[in-house]
file data_14.tsv (TSV, C-alpha atoms and all ligand atoms)
chain	number	residue	atom	x	y	z
A	1	MET	CA	-97.85	54.04	65.33
A	2	PHE	CA	-95.25	51.47	64.29
A	3	ALA	CA	-94.58	51.39	60.52
A	4	ILE	CA	-92.12	50.27	57.88
A	5	TYR	CA	-91.81	53.07	55.37
A	6	ALA	CA	-89.82	54.62	52.57
A	7	ALA	CA	-88.38	57.96	53.71
A	8	HIS	CA	-87.52	58.89	50.11
A	9	SER	CA	-86.60	56.98	46.97
A	10	SER	CA	-83.27	55.71	45.74
A	11	MET	CA	-83.15	53.98	42.37
A	12	ASP	CA	-79.76	52.32	42.91
A	13	ASP	CA	-79.69	51.89	46.70
A	14	PRO	CA	-83.32	51.32	47.75
A	15	LEU	CA	-82.38	49.88	51.14
A	16	SER	CA	-80.92	53.27	52.11
A	17	ALA	CA	-84.47	54.70	51.93
A	18	LEU	CA	-85.99	52.01	54.19
A	19	ARG	CA	-87.07	53.09	57.69
A	20	ILE	CA	-88.58	51.12	60.56
A	21	GLY	CA	-90.07	53.53	63.08
A	22	ASP	CA	-93.06	55.76	63.78
A	23	GLN	CA	-95.63	57.26	61.41
A	24	PRO	CA	-98.88	59.10	62.22
A	25	GLU	CA	-101.98	56.97	62.76
A	26	PRO	CA	-104.37	57.10	59.78
A	27	ILE	CA	-107.58	59.12	59.77
A	28	ILE	CA	-110.63	56.99	58.88
A	29	PRO	CA	-112.65	58.66	56.07
A	30	LYS	CA	-116.43	58.07	55.88
A	31	GLY	CA	-117.20	54.66	54.36
A	32	PHE	CA	-113.71	53.40	55.20
A	33	VAL	CA	-112.67	50.85	57.81
A	34	ARG	CA	-109.56	50.58	59.94
A	35	VAL	CA	-107.66	47.28	59.99
A	36	ARG	CA	-105.36	46.31	62.84
A	37	VAL	CA	-102.69	44.48	60.83
A	38	THR	CA	-101.57	41.13	62.26
A	39	HIS	CA	-99.86	39.67	59.17
A	40	ALA	CA	-98.48	41.19	55.97
A	41	SER	CA	-96.25	39.98	53.15
A	42	LEU	CA	-93.32	41.40	51.24
A	43	ASN	CA	-93.57	41.97	47.48
A	44	ARG	CA	-91.00	43.13	44.96
A	45	HIS	CA	-93.33	46.10	44.57
A	46	ASP	CA	-92.01	47.28	47.97
A	47	LEU	CA	-88.56	47.54	46.42
A	48	PHE	CA	-90.06	49.41	43.46
A	49	THR	CA	-91.61	51.91	45.90
A	50	LEU	CA	-88.26	52.38	47.62
A	51	ARG	CA	-86.77	52.99	44.16
A	52	GLY	CA	-89.51	55.50	43.26
A	53	ILE	CA	-90.88	53.34	40.42
A	54	THR	CA	-94.64	53.61	39.87
A	55	ALA	CA	-97.08	52.65	37.11
A	56	HIS	CA	-99.00	55.88	37.72
A	57	ALA	CA	-98.51	59.37	36.30
A	58	GLU	CA	-98.12	61.03	39.71
A	59	PRO	CA	-94.86	60.44	41.57
A	60	ILE	CA	-95.05	58.67	44.95
A	61	LYS	CA	-95.32	61.09	47.88
A	62	PHE	CA	-92.78	60.32	50.60
A	63	PRO	CA	-92.69	59.30	53.38
A	64	MET	CA	-94.80	56.33	52.26
A	65	ILE	CA	-95.73	53.35	54.42
A	66	LEU	CA	-94.85	50.19	52.48
A	67	GLY	CA	-96.85	46.97	52.04
A	68	ASN	CA	-99.50	45.81	49.56
A	69	ASP	CA	-100.93	42.76	51.28
A	70	GLY	CA	-102.12	41.76	54.69
A	71	ALA	CA	-104.68	40.38	57.09
A	72	GLY	CA	-105.91	41.54	60.44
A	73	THR	CA	-108.99	42.57	62.34
A	74	LEU	CA	-111.54	45.36	62.04
A	75	ASP	CA	-112.25	47.59	65.03
A	76	ASP	CA	-115.19	45.28	65.91
A	77	GLY	CA	-112.86	42.27	65.97
A	78	THR	CA	-113.93	40.72	62.62
A	79	PRO	CA	-110.98	38.88	61.03
A	80	ILE	CA	-110.36	40.01	57.45
A	81	VAL	CA	-107.97	39.65	54.52
A	82	ILE	CA	-107.11	42.70	52.46
A	83	TYR	CA	-108.09	42.95	48.77
A	84	PRO	CA	-105.32	45.26	47.55
A	85	VAL	CA	-106.80	47.00	44.49
A	86	LEU	CA	-108.22	50.46	45.14
A	87	GLY	CA	-109.89	52.81	42.67
A	88	GLY	CA	-112.41	55.46	41.79
A	89	GLU	CA	-115.45	55.78	44.05
A	90	PHE	CA	-117.92	55.38	41.19
A	91	TRP	CA	-116.18	52.68	39.15
A	92	ARG	CA	-118.22	49.51	38.68
A	93	GLY	CA	-117.04	46.26	37.10
A	94	ASP	CA	-113.53	44.85	36.59
A	95	GLU	CA	-111.35	46.72	39.08
A	96	THR	CA	-108.22	46.11	36.99
A	97	CYS	CA	-109.71	48.22	34.16
A	98	ASP	CA	-110.52	51.22	36.38
A	99	PRO	CA	-108.45	54.16	35.04
A	100	ASP	CA	-108.02	55.30	38.66
A	101	TRP	CA	-106.80	51.93	39.98
A	102	HIS	CA	-103.91	51.81	42.40
A	103	ILE	CA	-102.70	49.61	45.23
A	104	PHE	CA	-101.59	50.30	48.78
A	105	SER	CA	-98.31	52.20	49.16
A	106	GLU	CA	-98.63	54.00	45.81
A	107	LYS	CA	-101.08	56.83	46.58
A	108	VAL	CA	-102.21	55.76	50.07
A	109	ALA	CA	-100.40	54.27	53.06
A	110	GLY	CA	-99.57	50.57	52.91
A	111	THR	CA	-100.04	47.58	55.17
A	112	PHE	CA	-96.68	47.40	57.03
A	113	ALA	CA	-98.00	49.22	60.09
A	114	ASP	CA	-100.15	48.84	63.17
A	115	TYR	CA	-103.16	50.14	61.22
A	116	VAL	CA	-104.21	50.66	57.61
A	117	VAL	CA	-107.47	52.22	56.38
A	118	MET	CA	-109.44	51.23	53.27
A	119	PRO	CA	-112.90	51.26	51.70
A	120	ALA	CA	-115.05	48.66	53.48
A	121	ARG	CA	-115.17	46.43	50.37
A	122	ASN	CA	-111.39	45.97	50.47
A	123	ALA	CA	-111.62	44.20	53.83
A	124	ILE	CA	-112.87	40.72	52.92
A	125	PRO	CA	-114.12	38.70	55.90
A	126	LEU	CA	-111.66	35.83	56.37
A	127	PRO	CA	-113.39	32.71	55.04
A	128	PRO	CA	-113.32	29.45	57.00
A	129	GLY	CA	-110.54	26.98	56.14
A	130	ILE	CA	-107.67	29.45	55.78
A	131	SER	CA	-105.50	31.10	58.43
A	132	ALA	CA	-104.87	34.84	58.59
A	133	ALA	CA	-101.17	34.10	58.02
A	134	ASP	CA	-101.75	32.17	54.78
A	135	ALA	CA	-104.41	34.60	53.53
A	136	SER	CA	-102.12	37.58	54.14
A	137	VAL	CA	-99.68	36.53	51.41
A	138	LEU	CA	-102.33	36.17	48.68
A	139	GLY	CA	-103.18	39.74	47.76
A	140	THR	CA	-100.63	40.71	45.15
A	141	ALA	CA	-98.35	37.99	43.75
A	142	TRP	CA	-100.90	35.18	44.18
A	143	LEU	CA	-103.84	37.22	42.91
A	144	THR	CA	-101.86	38.22	39.82
A	145	ALA	CA	-100.79	34.63	39.25
A	146	TYR	CA	-104.40	33.43	39.53
A	147	ARG	CA	-105.66	35.95	37.00
A	148	ALA	CA	-102.74	35.41	34.62
A	149	LEU	CA	-103.42	31.67	34.59
A	150	PHE	CA	-107.18	31.54	34.56
A	151	THR	CA	-108.23	34.71	32.72
A	152	LYS	CA	-105.28	35.66	30.51
A	153	SER	CA	-103.31	32.56	29.48
A	154	ASN	CA	-106.06	30.74	27.49
A	155	LEU	CA	-104.67	27.51	29.01
A	156	ARG	CA	-106.88	24.48	29.46
A	157	PRO	CA	-106.14	21.54	31.78
A	158	GLY	CA	-103.62	19.21	30.14
A	159	GLN	CA	-101.83	22.01	28.29
A	160	ARG	CA	-98.25	23.03	28.97
A	161	LEU	CA	-97.35	26.11	31.01
A	162	LEU	CA	-93.91	27.66	31.37
A	163	VAL	CA	-93.30	29.68	34.52
A	164	GLN	CA	-90.31	32.00	34.18
A	165	GLY	CA	-88.43	31.93	37.50
A	166	ALA	CA	-89.08	29.58	40.35
A	167	SER	CA	-88.02	31.00	43.67
A	168	GLY	CA	-90.16	34.13	44.01
A	169	GLY	CA	-93.60	34.88	45.36
A	170	MET	CA	-95.38	34.96	42.01
A	171	SER	CA	-93.41	32.09	40.47
A	172	THR	CA	-94.18	29.75	43.36
A	173	ALA	CA	-97.85	30.78	43.21
A	174	LEU	CA	-97.93	30.03	39.46
A	175	ILE	CA	-96.36	26.60	39.96
A	176	GLN	CA	-98.69	25.68	42.83
A	177	LEU	CA	-101.84	26.97	41.11
A	178	GLY	CA	-100.85	25.60	37.70
A	179	ARG	CA	-100.24	22.11	39.07
A	180	ALA	CA	-103.50	22.12	41.01
A	181	ALA	CA	-105.38	23.22	37.86
A	182	GLY	CA	-104.10	20.27	35.82
A	183	PHE	CA	-101.58	22.02	33.57
A	184	GLU	CA	-98.24	20.44	32.69
A	185	VAL	CA	-95.97	22.84	34.56
A	186	TRP	CA	-92.47	23.68	33.43
A	187	ALA	CA	-90.34	26.27	35.21
A	188	THR	CA	-86.98	27.98	34.80
A	189	SER	CA	-84.59	29.13	37.49
A	190	ARG	CA	-81.18	30.72	37.67
A	191	ASN	CA	-79.95	28.15	40.18
A	192	ALA	CA	-80.28	24.61	41.56
A	193	LYS	CA	-82.09	25.80	44.69
A	194	GLY	CA	-84.84	27.40	42.62
A	195	LYS	CA	-85.18	24.32	40.44
A	196	ALA	CA	-85.45	22.05	43.51
A	197	LEU	CA	-88.13	24.34	44.98
A	198	ALA	CA	-90.10	24.23	41.72
A	199	MET	CA	-90.05	20.42	41.70
A	200	LYS	CA	-91.09	20.31	45.37
A	201	LEU	CA	-94.06	22.54	44.56
A	202	GLY	CA	-95.24	20.36	41.68
A	203	ALA	CA	-93.37	21.40	38.52
A	204	HIS	CA	-93.09	18.51	36.04
A	205	GLN	CA	-89.81	19.72	34.51
A	206	VAL	CA	-87.30	22.46	35.31
A	207	PHE	CA	-84.75	24.24	33.15
A	208	ASP	CA	-81.98	26.79	33.51
A	209	ALA	CA	-82.92	30.40	32.86
A	210	ASN	CA	-83.10	30.93	29.07
A	211	GLU	CA	-82.29	27.28	28.30
A	212	PRO	CA	-83.80	26.12	24.96
A	213	LEU	CA	-86.79	23.87	25.73
A	214	PRO	CA	-87.26	20.37	24.25
A	215	GLN	CA	-90.80	21.29	23.14
A	216	LYS	CA	-92.81	24.48	22.90
A	217	VAL	CA	-95.34	25.42	25.54
A	218	ASP	CA	-98.95	26.57	25.15
A	219	ALA	CA	-98.47	29.57	27.41
A	220	VAL	CA	-95.78	31.34	29.41
A	221	VAL	CA	-96.23	33.57	32.41
A	222	ASP	CA	-93.27	35.93	32.56
A	223	SER	CA	-92.72	38.13	35.60
A	224	ILE	CA	-88.99	38.58	34.96
A	225	GLY	CA	-89.19	40.99	32.03
A	226	ALA	CA	-86.15	42.08	30.05
A	227	ALA	CA	-83.97	39.04	30.83
A	228	SER	CA	-86.54	36.43	29.78
A	229	LEU	CA	-89.05	37.87	27.30
A	230	THR	CA	-87.27	36.70	24.15
A	231	HIS	CA	-87.01	33.18	25.60
A	232	SER	CA	-90.73	33.32	26.45
A	233	ILE	CA	-91.66	34.29	22.90
A	234	VAL	CA	-89.54	31.68	21.12
A	235	SER	CA	-90.67	28.96	23.57
A	236	THR	CA	-94.37	29.45	22.77
A	237	VAL	CA	-96.39	27.36	20.27
A	238	ARG	CA	-97.90	29.05	17.24
A	239	GLY	CA	-100.93	30.97	18.44
A	240	GLY	CA	-99.90	30.54	22.08
A	241	THR	CA	-99.84	33.21	24.76
A	242	VAL	CA	-97.19	35.03	26.75
A	243	VAL	CA	-98.66	36.77	29.78
A	244	ILE	CA	-96.41	39.56	31.00
A	245	THR	CA	-96.86	40.16	34.73
A	246	GLY	CA	-93.61	41.72	35.89
A	247	VAL	CA	-90.46	43.61	35.04
A	248	THR	CA	-88.01	42.43	37.70
A	249	THR	CA	-84.98	42.64	35.40
A	250	GLY	CA	-86.08	45.75	33.51
A	251	MET	CA	-89.02	47.12	31.59
A	252	ASN	CA	-87.31	48.22	28.37
A	253	VAL	CA	-86.68	45.37	25.97
A	254	ASN	CA	-85.27	44.98	22.52
A	255	ILE	CA	-87.17	42.04	21.03
A	256	ALA	CA	-87.27	40.52	17.55
A	257	LEU	CA	-90.81	41.08	16.29
A	258	LEU	CA	-90.70	38.50	13.50
A	259	PRO	CA	-91.20	35.49	15.84
A	260	VAL	CA	-94.14	37.32	17.43
A	261	LEU	CA	-95.99	37.94	14.20
A	262	SER	CA	-94.99	34.81	12.29
A	263	GLY	CA	-95.73	32.64	15.35
A	264	GLN	CA	-98.94	34.59	16.02
A	265	VAL	CA	-97.92	34.84	19.66
A	266	ASN	CA	-100.38	36.69	21.86
A	267	LEU	CA	-98.52	39.07	24.15
A	268	ARG	CA	-100.83	40.00	27.02
A	269	GLY	CA	-100.19	42.28	29.95
A	270	SER	CA	-101.85	41.46	33.26
A	271	ILE	CA	-102.20	43.53	36.39
A	272	MET	CA	-103.48	42.26	39.75
A	273	GLY	CA	-107.01	40.75	39.75
A	274	THR	CA	-110.59	41.53	40.65
A	275	ARG	CA	-112.18	41.18	44.07
A	276	ASP	CA	-114.11	38.20	42.67
A	277	ASP	CA	-110.79	36.66	41.54
A	278	MET	CA	-109.50	37.02	45.10
A	279	GLU	CA	-112.53	35.35	46.63
A	280	ASN	CA	-112.52	32.56	44.02
A	281	MET	CA	-108.78	32.01	44.49
A	282	ILE	CA	-109.15	31.62	48.25
A	283	HIS	CA	-112.02	29.17	47.67
A	284	PHE	CA	-109.80	27.24	45.22
A	285	LEU	CA	-106.95	27.04	47.75
A	286	VAL	CA	-109.22	25.88	50.55
A	287	HIS	CA	-110.88	23.20	48.42
A	288	GLN	CA	-107.61	21.99	46.88
A	289	GLY	CA	-105.90	21.94	50.29
A	290	LEU	CA	-103.23	24.25	48.80
A	291	LYS	CA	-100.98	26.13	51.20
A	292	PRO	CA	-98.99	29.06	49.80
A	293	GLU	CA	-95.24	28.52	49.99
A	294	VAL	CA	-93.89	30.79	52.73
A	295	GLY	CA	-90.10	30.76	52.98
A	296	GLN	CA	-89.61	33.11	55.90
A	297	ILE	CA	-91.73	34.42	58.79
A	298	LEU	CA	-90.39	37.26	60.91
A	299	PRO	CA	-91.64	40.10	63.09
A	300	MET	CA	-92.03	43.45	61.31
A	301	GLU	CA	-89.28	44.92	63.49
A	302	GLN	CA	-86.82	42.57	61.78
A	303	ALA	CA	-88.05	43.20	58.23
A	304	ALA	CA	-84.83	44.84	56.98
A	305	SER	CA	-83.07	41.50	56.44
A	306	ALA	CA	-85.94	40.27	54.25
A	307	PHE	CA	-85.79	43.42	52.10
A	308	ARG	CA	-82.04	42.81	51.72
A	309	ASN	CA	-82.60	39.19	50.65
A	310	MET	CA	-85.11	40.25	48.02
A	311	TRP	CA	-82.84	42.99	46.70
A	312	ASN	CA	-80.07	40.37	46.43
A	313	GLY	CA	-82.44	38.11	44.44
A	314	GLU	CA	-82.57	35.50	47.20
A	315	THR	CA	-86.27	34.95	47.82
A	316	HIS	CA	-88.05	31.68	48.60
A	317	GLY	CA	-91.79	31.86	48.04
A	318	LYS	CA	-93.49	34.53	50.10
A	319	THR	CA	-91.98	36.36	53.07
A	320	LEU	CA	-94.45	36.88	55.89
A	321	PHE	CA	-94.23	39.64	58.49
A	322	THR	CA	-96.08	39.32	61.80
A	323	ARG	CA	-97.12	42.15	64.09
B	401	LIG	N1	-98.68	42.54	37.28
B	401	LIG	C1	-98.93	42.61	38.58
B	401	LIG	O1	-100.03	43.00	39.00
B	401	LIG	C2	-97.88	42.19	39.55
B	401	LIG	C3	-98.22	41.71	40.81
B	401	LIG	C4	-97.22	41.21	41.64
B	401	LIG	C5	-95.90	41.27	41.20
B	401	LIG	N2	-95.61	41.79	39.99
B	401	LIG	C6	-94.22	41.79	39.49
B	401	LIG	O2	-93.81	40.45	39.31
B	401	LIG	C7	-92.41	40.35	39.55
B	401	LIG	C8	-92.16	39.27	40.60
B	401	LIG	O3	-92.63	39.72	41.86
B	401	LIG	P1	-92.36	38.86	43.15
B	401	LIG	O4	-92.95	39.61	44.29
B	401	LIG	O5	-92.75	37.45	42.90
B	401	LIG	O6	-90.75	38.96	43.23
B	401	LIG	P2	-89.70	38.01	43.91
B	401	LIG	O7	-90.36	37.24	45.00
B	401	LIG	O8	-88.51	38.82	44.23
B	401	LIG	O9	-89.31	36.96	42.75
B	401	LIG	C9	-88.38	37.28	41.75
B	401	LIG	C10	-88.42	36.17	40.69
B	401	LIG	O10	-87.69	36.55	39.55
B	401	LIG	C11	-86.75	35.53	39.19
B	401	LIG	N3	-85.54	36.20	38.70
B	401	LIG	C12	-84.96	36.03	37.50
B	401	LIG	N4	-83.94	36.86	37.32
B	401	LIG	C13	-83.84	37.57	38.45
B	401	LIG	C14	-82.93	38.58	38.87
B	401	LIG	N5	-81.92	39.01	38.09
B	401	LIG	N6	-83.12	39.10	40.11
B	401	LIG	C15	-84.13	38.67	40.92
B	401	LIG	N7	-85.02	37.71	40.56
B	401	LIG	C16	-84.86	37.18	39.32
B	401	LIG	C17	-86.57	34.67	40.41
B	401	LIG	O11	-86.45	33.33	39.99
B	401	LIG	P3	-85.16	32.40	40.27
B	401	LIG	O12	-84.51	32.91	41.54
B	401	LIG	O13	-85.76	31.03	40.46
B	401	LIG	O14	-84.33	32.51	39.07
B	401	LIG	C18	-87.90	34.85	41.16
B	401	LIG	O15	-88.82	33.84	40.78
B	401	LIG	C19	-91.96	41.76	39.96
B	401	LIG	O16	-91.48	42.42	38.82
B	401	LIG	C20	-93.24	42.40	40.45
B	401	LIG	O17	-93.23	43.79	40.41
B	401	LIG	C21	-96.57	42.25	39.17
call {"tool": "encode", "arguments": {"input": "data_14.tsv", "output": "C-alpha cells", "more": "lines below"}}
Ligand SMILES: NC(=O)c1ccc[n+]([C@@H]2O[C@H](COP(=O)([O-])OP(=O)(O)OC[C@H]3O[C@@H](n4cnc5c(N)ncnc54)[C@H](OP(=O)(O)O)[C@@H]3O)[C@@H](O)[C@H]2O)c1
result
Amino acid sequence: MFAIYAAHSSMDDPLSALRIGDQPEPIIPKGFVRVRVTHASLNRHDLFTLRGITAHAEPIKFPMILGNDGAGTLDDGTPIVIYPVLGGEFWRGDETCDPDWHIFSEKVAGTFADYVVMPARNAIPLPPGISAADASVLGTAWLTAYRALFTKSNLRPGQRLLVQGASGGMSTALIQLGRAAGFEVWATSRNAKGKALAMKLGAHQVFDANEPLPQKVDAVVDSIGAASLTHSIVSTVRGGTVVITGVTTGMNVNIALLPVLSGQVNLRGSIMGTRDDMENMIHFLVHQGLKPEVGQILPMEQAASAFRNMWNGETHGKTLFTR
C-alpha cells in the first residue's frame, strides 16, 4: 500500500530518511479495526521519528510508517477520527498515565498510509458538526493543548496565559482554545508573521521570543523547550504554573532554580490527553464554532515539501495531508 515512512533515522538530516512509496498492508489483530485513511496531519513528532528520538526505552524499529493523527472510514464505511494514544490491553483509567502508553509511529505503524490498524476504541465515530478534514488535525497537538490548558495549567477564565511560539500546530491550538475559554492570551513569536497569525487567531498581545513582559502571567504553556524555558519561569506570577509540552529547541536545559523555588512556580509536564479529553475537545470546538487553523493542505504524495518547511521552522498552524 501507499505510505510515507522513515527508512532509518538521521539525527542531523532527518529528511534524508524520509520515503514516499510502498509498505506492506497491515494485518488486523483480533479486537482491532482497520481504518482507510482519508486525512492525516503532520506533527513535529514525525521529524522526531525521522531523527530516531523517542520517549520510550526501546528504539524505534525501521522502516516505520509516519503519522500520529488522522481520520477516515472503517471497513463498514463508518466515518471516524483517530484517538492517538495506545497502551496496555488491561490498563483502565487515564491513558496518559499508562506505563505502556505510546502513539502511532513509535511502536506501531502510523497514519500516513492507505490503511492503519488500531484497537476499536481508538477509532472514535466522527461526531456531527465537524468535518473529517478538521477532525484529522486534532489528535496530537490540539489534544495536548486542550489538556495542558484545562487539566494542567490551573487557569481560570479571566486569567492571563502566555503561549510560547505562535506559528506551530500546538501554539495555534493553544491560542484558539485559550481565547475561546476566556483567558487573556499573550503569545511570543520569532517573527512578524507569527505575531500577525497569533493576533488573527485571538491573542490579546504578542511579543518577540524571550522579550521581557510588561506584567507576569498566571500560566505559560511552553512547547519550545530549551530556548524558552527560562523566559517562561521568570514570566510567571508567584505560585503560577509552567506547563511543559514540548522540546522543539532541545530537551537539556540549564536553568536557574532560585526563581523556581522562590517564586513557587509549578513546573508541570504534560503528554497528550485522554480519550475523554478528545471527545470533550471536539464537543467544545463544535459548540464554540472553532475551526482549527490549517495553513496547508496537500496530497500525501507531495508531503516532502511540508516536512521540509517544518524542519526549516516555517509552519503555519496544522498541515493537512489528503489521500
Ligand atoms: N507533550 C505532548 O504530548 C506533545 C504533543 C504534540 C507536540 N508536542 C511537542 O510540542 C512541540 C511543538 O509541536 P508542533 O507539532 O506544534 O510543532 P510545529 O508546528 O513545528 O511548531 C513549532 C513551534 O515552535 C516555535 N519555535 C520557537 N523556536 C523555534 C525553532 N528554533 N524552530 C522551530 N520552531 C520554533 C514556533 O513558533 P514561532 O515560529 O511563532 O516562533 C512554533 O510555534 C514539539 O516539540 C512537539 O514534539 C508534544
call {"tool": "closest_residue", "arguments": {"input": "data_14.tsv", "among": "A:Glu95, A:Asp218, A:Asp13, A:Asp134", "to": "Lys291 of chain A", "atoms": "all atoms listed in the file"}}
result
A:Asp134
call {"tool": "closest_residue", "arguments": {"input": "data_14.tsv", "among": "A:Ala148, A:Ala173, A:Ala109, A:Leu18", "to": "Ala219 of chain A", "atoms": "only C-alpha atoms"}}
result
A:Ala148
call {"tool": "atom_distance", "arguments": {"input": "data_14.tsv", "atom1": "atom CA of Arg275 of chain A", "atom2": "atom CA of Thr249 of chain A"}}
result
28.6 Å
call {"tool": "residues_near_ligand", "arguments": {"input": "data_14.tsv", "ligand": "ligand LIG 401 (chain B)", "cutoff": "8 Å", "atoms": "all atoms listed in the file", "output": "PDB file with C-alpha atoms, keeping the file's coordinate frame"}}
result
ATOM      1  CA  LEU A  42     -93.320  41.400  51.240  1.00  0.00           C
ATOM      2  CA  ASN A  43     -93.570  41.970  47.480  1.00  0.00           C
ATOM      3  CA  ARG A  44     -91.000  43.130  44.960  1.00  0.00           C
ATOM      4  CA  HIS A  45     -93.330  46.100  44.570  1.00  0.00           C
ATOM      5  CA  PHE A  48     -90.060  49.410  43.460  1.00  0.00           C
ATOM      6  CA  THR A 140    -100.630  40.710  45.150  1.00  0.00           C
ATOM      7  CA  ALA A 141     -98.350  37.990  43.750  1.00  0.00           C
ATOM      8  CA  TRP A 142    -100.900  35.180  44.180  1.00  0.00           C
ATOM      9  CA  LEU A 143    -103.840  37.220  42.910  1.00  0.00           C
ATOM     10  CA  THR A 144    -101.860  38.220  39.820  1.00  0.00           C
ATOM     11  CA  ALA A 145    -100.790  34.630  39.250  1.00  0.00           C
ATOM     12  CA  GLN A 164     -90.310  32.000  34.180  1.00  0.00           C
ATOM     13  CA  GLY A 165     -88.430  31.930  37.500  1.00  0.00           C
ATOM     14  CA  ALA A 166     -89.080  29.580  40.350  1.00  0.00           C
ATOM     15  CA  SER A 167     -88.020  31.000  43.670  1.00  0.00           C
ATOM     16  CA  GLY A 168     -90.160  34.130  44.010  1.00  0.00           C
ATOM     17  CA  GLY A 169     -93.600  34.880  45.360  1.00  0.00           C
ATOM     18  CA  MET A 170     -95.380  34.960  42.010  1.00  0.00           C
ATOM     19  CA  SER A 171     -93.410  32.090  40.470  1.00  0.00           C
ATOM     20  CA  THR A 172     -94.180  29.750  43.360  1.00  0.00           C
ATOM     21  CA  THR A 188     -86.980  27.980  34.800  1.00  0.00           C
ATOM     22  CA  SER A 189     -84.590  29.130  37.490  1.00  0.00           C
ATOM     23  CA  ARG A 190     -81.180  30.720  37.670  1.00  0.00           C
ATOM     24  CA  ASN A 191     -79.950  28.150  40.180  1.00  0.00           C
ATOM     25  CA  LYS A 193     -82.090  25.800  44.690  1.00  0.00           C
ATOM     26  CA  GLY A 194     -84.840  27.400  42.620  1.00  0.00           C
ATOM     27  CA  LYS A 195     -85.180  24.320  40.440  1.00  0.00           C
ATOM     28  CA  ALA A 209     -82.920  30.400  32.860  1.00  0.00           C
ATOM     29  CA  SER A 223     -92.720  38.130  35.600  1.00  0.00           C
ATOM     30  CA  ILE A 224     -88.990  38.580  34.960  1.00  0.00           C
ATOM     31  CA  GLY A 225     -89.190  40.990  32.030  1.00  0.00           C
ATOM     32  CA  ALA A 227     -83.970  39.040  30.830  1.00  0.00           C
ATOM     33  CA  SER A 228     -86.540  36.430  29.780  1.00  0.00           C
ATOM     34  CA  ILE A 244     -96.410  39.560  31.000  1.00  0.00           C
ATOM     35  CA  THR A 245     -96.860  40.160  34.730  1.00  0.00           C
ATOM     36  CA  GLY A 246     -93.610  41.720  35.890  1.00  0.00           C
ATOM     37  CA  VAL A 247     -90.460  43.610  35.040  1.00  0.00           C
ATOM     38  CA  THR A 248     -88.010  42.430  37.700  1.00  0.00           C
ATOM     39  CA  THR A 249     -84.980  42.640  35.400  1.00  0.00           C
ATOM     40  CA  GLY A 269    -100.190  42.280  29.950  1.00  0.00           C
ATOM     41  CA  SER A 270    -101.850  41.460  33.260  1.00  0.00           C
ATOM     42  CA  ILE A 271    -102.200  43.530  36.390  1.00  0.00           C
ATOM     43  CA  MET A 272    -103.480  42.260  39.750  1.00  0.00           C
ATOM     44  CA  GLY A 273    -107.010  40.750  39.750  1.00  0.00           C
ATOM     45  CA  MET A 310     -85.110  40.250  48.020  1.00  0.00           C
ATOM     46  CA  TRP A 311     -82.840  42.990  46.700  1.00  0.00           C
ATOM     47  CA  ASN A 312     -80.070  40.370  46.430  1.00  0.00           C
ATOM     48  CA  GLY A 313     -82.440  38.110  44.440  1.00  0.00           C
ATOM     49  CA  GLU A 314     -82.570  35.500  47.200  1.00  0.00           C
ATOM     50  CA  THR A 315     -86.270  34.950  47.820  1.00  0.00           C
ATOM     51  CA  HIS A 316     -88.050  31.680  48.600  1.00  0.00           C
ATOM     52  CA  GLY A 317     -91.790  31.860  48.040  1.00  0.00           C
ATOM     53  CA  LYS A 318     -93.490  34.530  50.100  1.00  0.00           C
TER      54      LYS A 318
END
call {"tool": "residues_around", "arguments": {"input": "data_14.tsv", "residues": "Ser16 of chain A", "least_positions_apart": "6", "cutoff": "10 Å", "atoms": "only C-alpha atoms", "output": "VMD selection string"}}
result
chain A and resid 6 to 10 50 to 51
call {"tool": "atom_distance", "arguments": {"input": "data_14.tsv", "atom1": "atom CA of Arg308 of chain A", "atom2": "atom CA of Leu66 of chain A"}}
result
14.8 Å
call {"tool": "residues_around", "arguments": {"input": "data_14.tsv", "residues": "Ile60 of chain A", "least_positions_apart": "6", "cutoff": "9 Å", "atoms": "only C-alpha atoms", "output": "VMD selection string"}}
result
chain A and resid 9 49 52 to 54 105 to 107
call {"tool": "write_last_selection", "arguments": {"input": "data_14.tsv", "atoms": "C-alpha atoms", "output": "tab-separated table (two decimals), in the frame of the given file"}}
result
chain	number	residue	atom	x	y	z
A	9	SER	CA	-86.60	56.98	46.97
A	49	THR	CA	-91.61	51.91	45.90
A	52	GLY	CA	-89.51	55.50	43.26
A	53	ILE	CA	-90.88	53.34	40.42
A	54	THR	CA	-94.64	53.61	39.87
A	105	SER	CA	-98.31	52.20	49.16
A	106	GLU	CA	-98.63	54.00	45.81
A	107	LYS	CA	-101.08	56.83	46.58
call {"tool": "residues_around", "arguments": {"input": "data_14.tsv", "residues": "Asp22 of chain A", "least_positions_apart": "5", "cutoff": "6 Å", "atoms": "all atoms listed in the file", "output": "list in words"}}
result
Met1, Phe2 and Ala3 of chain A
call {"tool": "residues_around", "arguments": {"input": "data_14.tsv", "residues": "segment 175-178 of chain A", "least_positions_apart": "3", "cutoff": "7 Å", "atoms": "only C-alpha atoms", "output": "ChimeraX atom specification"}}
result
/A:163,171-172,181-183,185,198,201-203
call {"tool": "atom_distance", "arguments": {"input": "data_14.tsv", "atom1": "atom CA of Val35 of chain A", "atom2": "atom CA of Asp98 of chain A"}}
result
24.1 Å
call {"tool": "closest_residue", "arguments": {"input": "data_14.tsv", "among": "A:Ala113, A:Thr38, A:Val33, A:Asp277", "to": "Asp76 of chain A", "atoms": "only C-alpha atoms"}}
result
A:Val33
call {"tool": "closest_residue", "arguments": {"input": "data_14.tsv", "among": "A:Ala132, A:Ile297, A:Ala17, A:Ala120", "to": "Ile282 of chain A", "atoms": "all atoms listed in the file"}}
result
A:Ala132
call {"tool": "closest_residue", "arguments": {"input": "data_14.tsv", "among": "A:Met251, A:Leu258, A:Leu174, A:Ala180", "to": "Ser153 of chain A", "atoms": "only C-alpha atoms"}}
result
A:Leu174
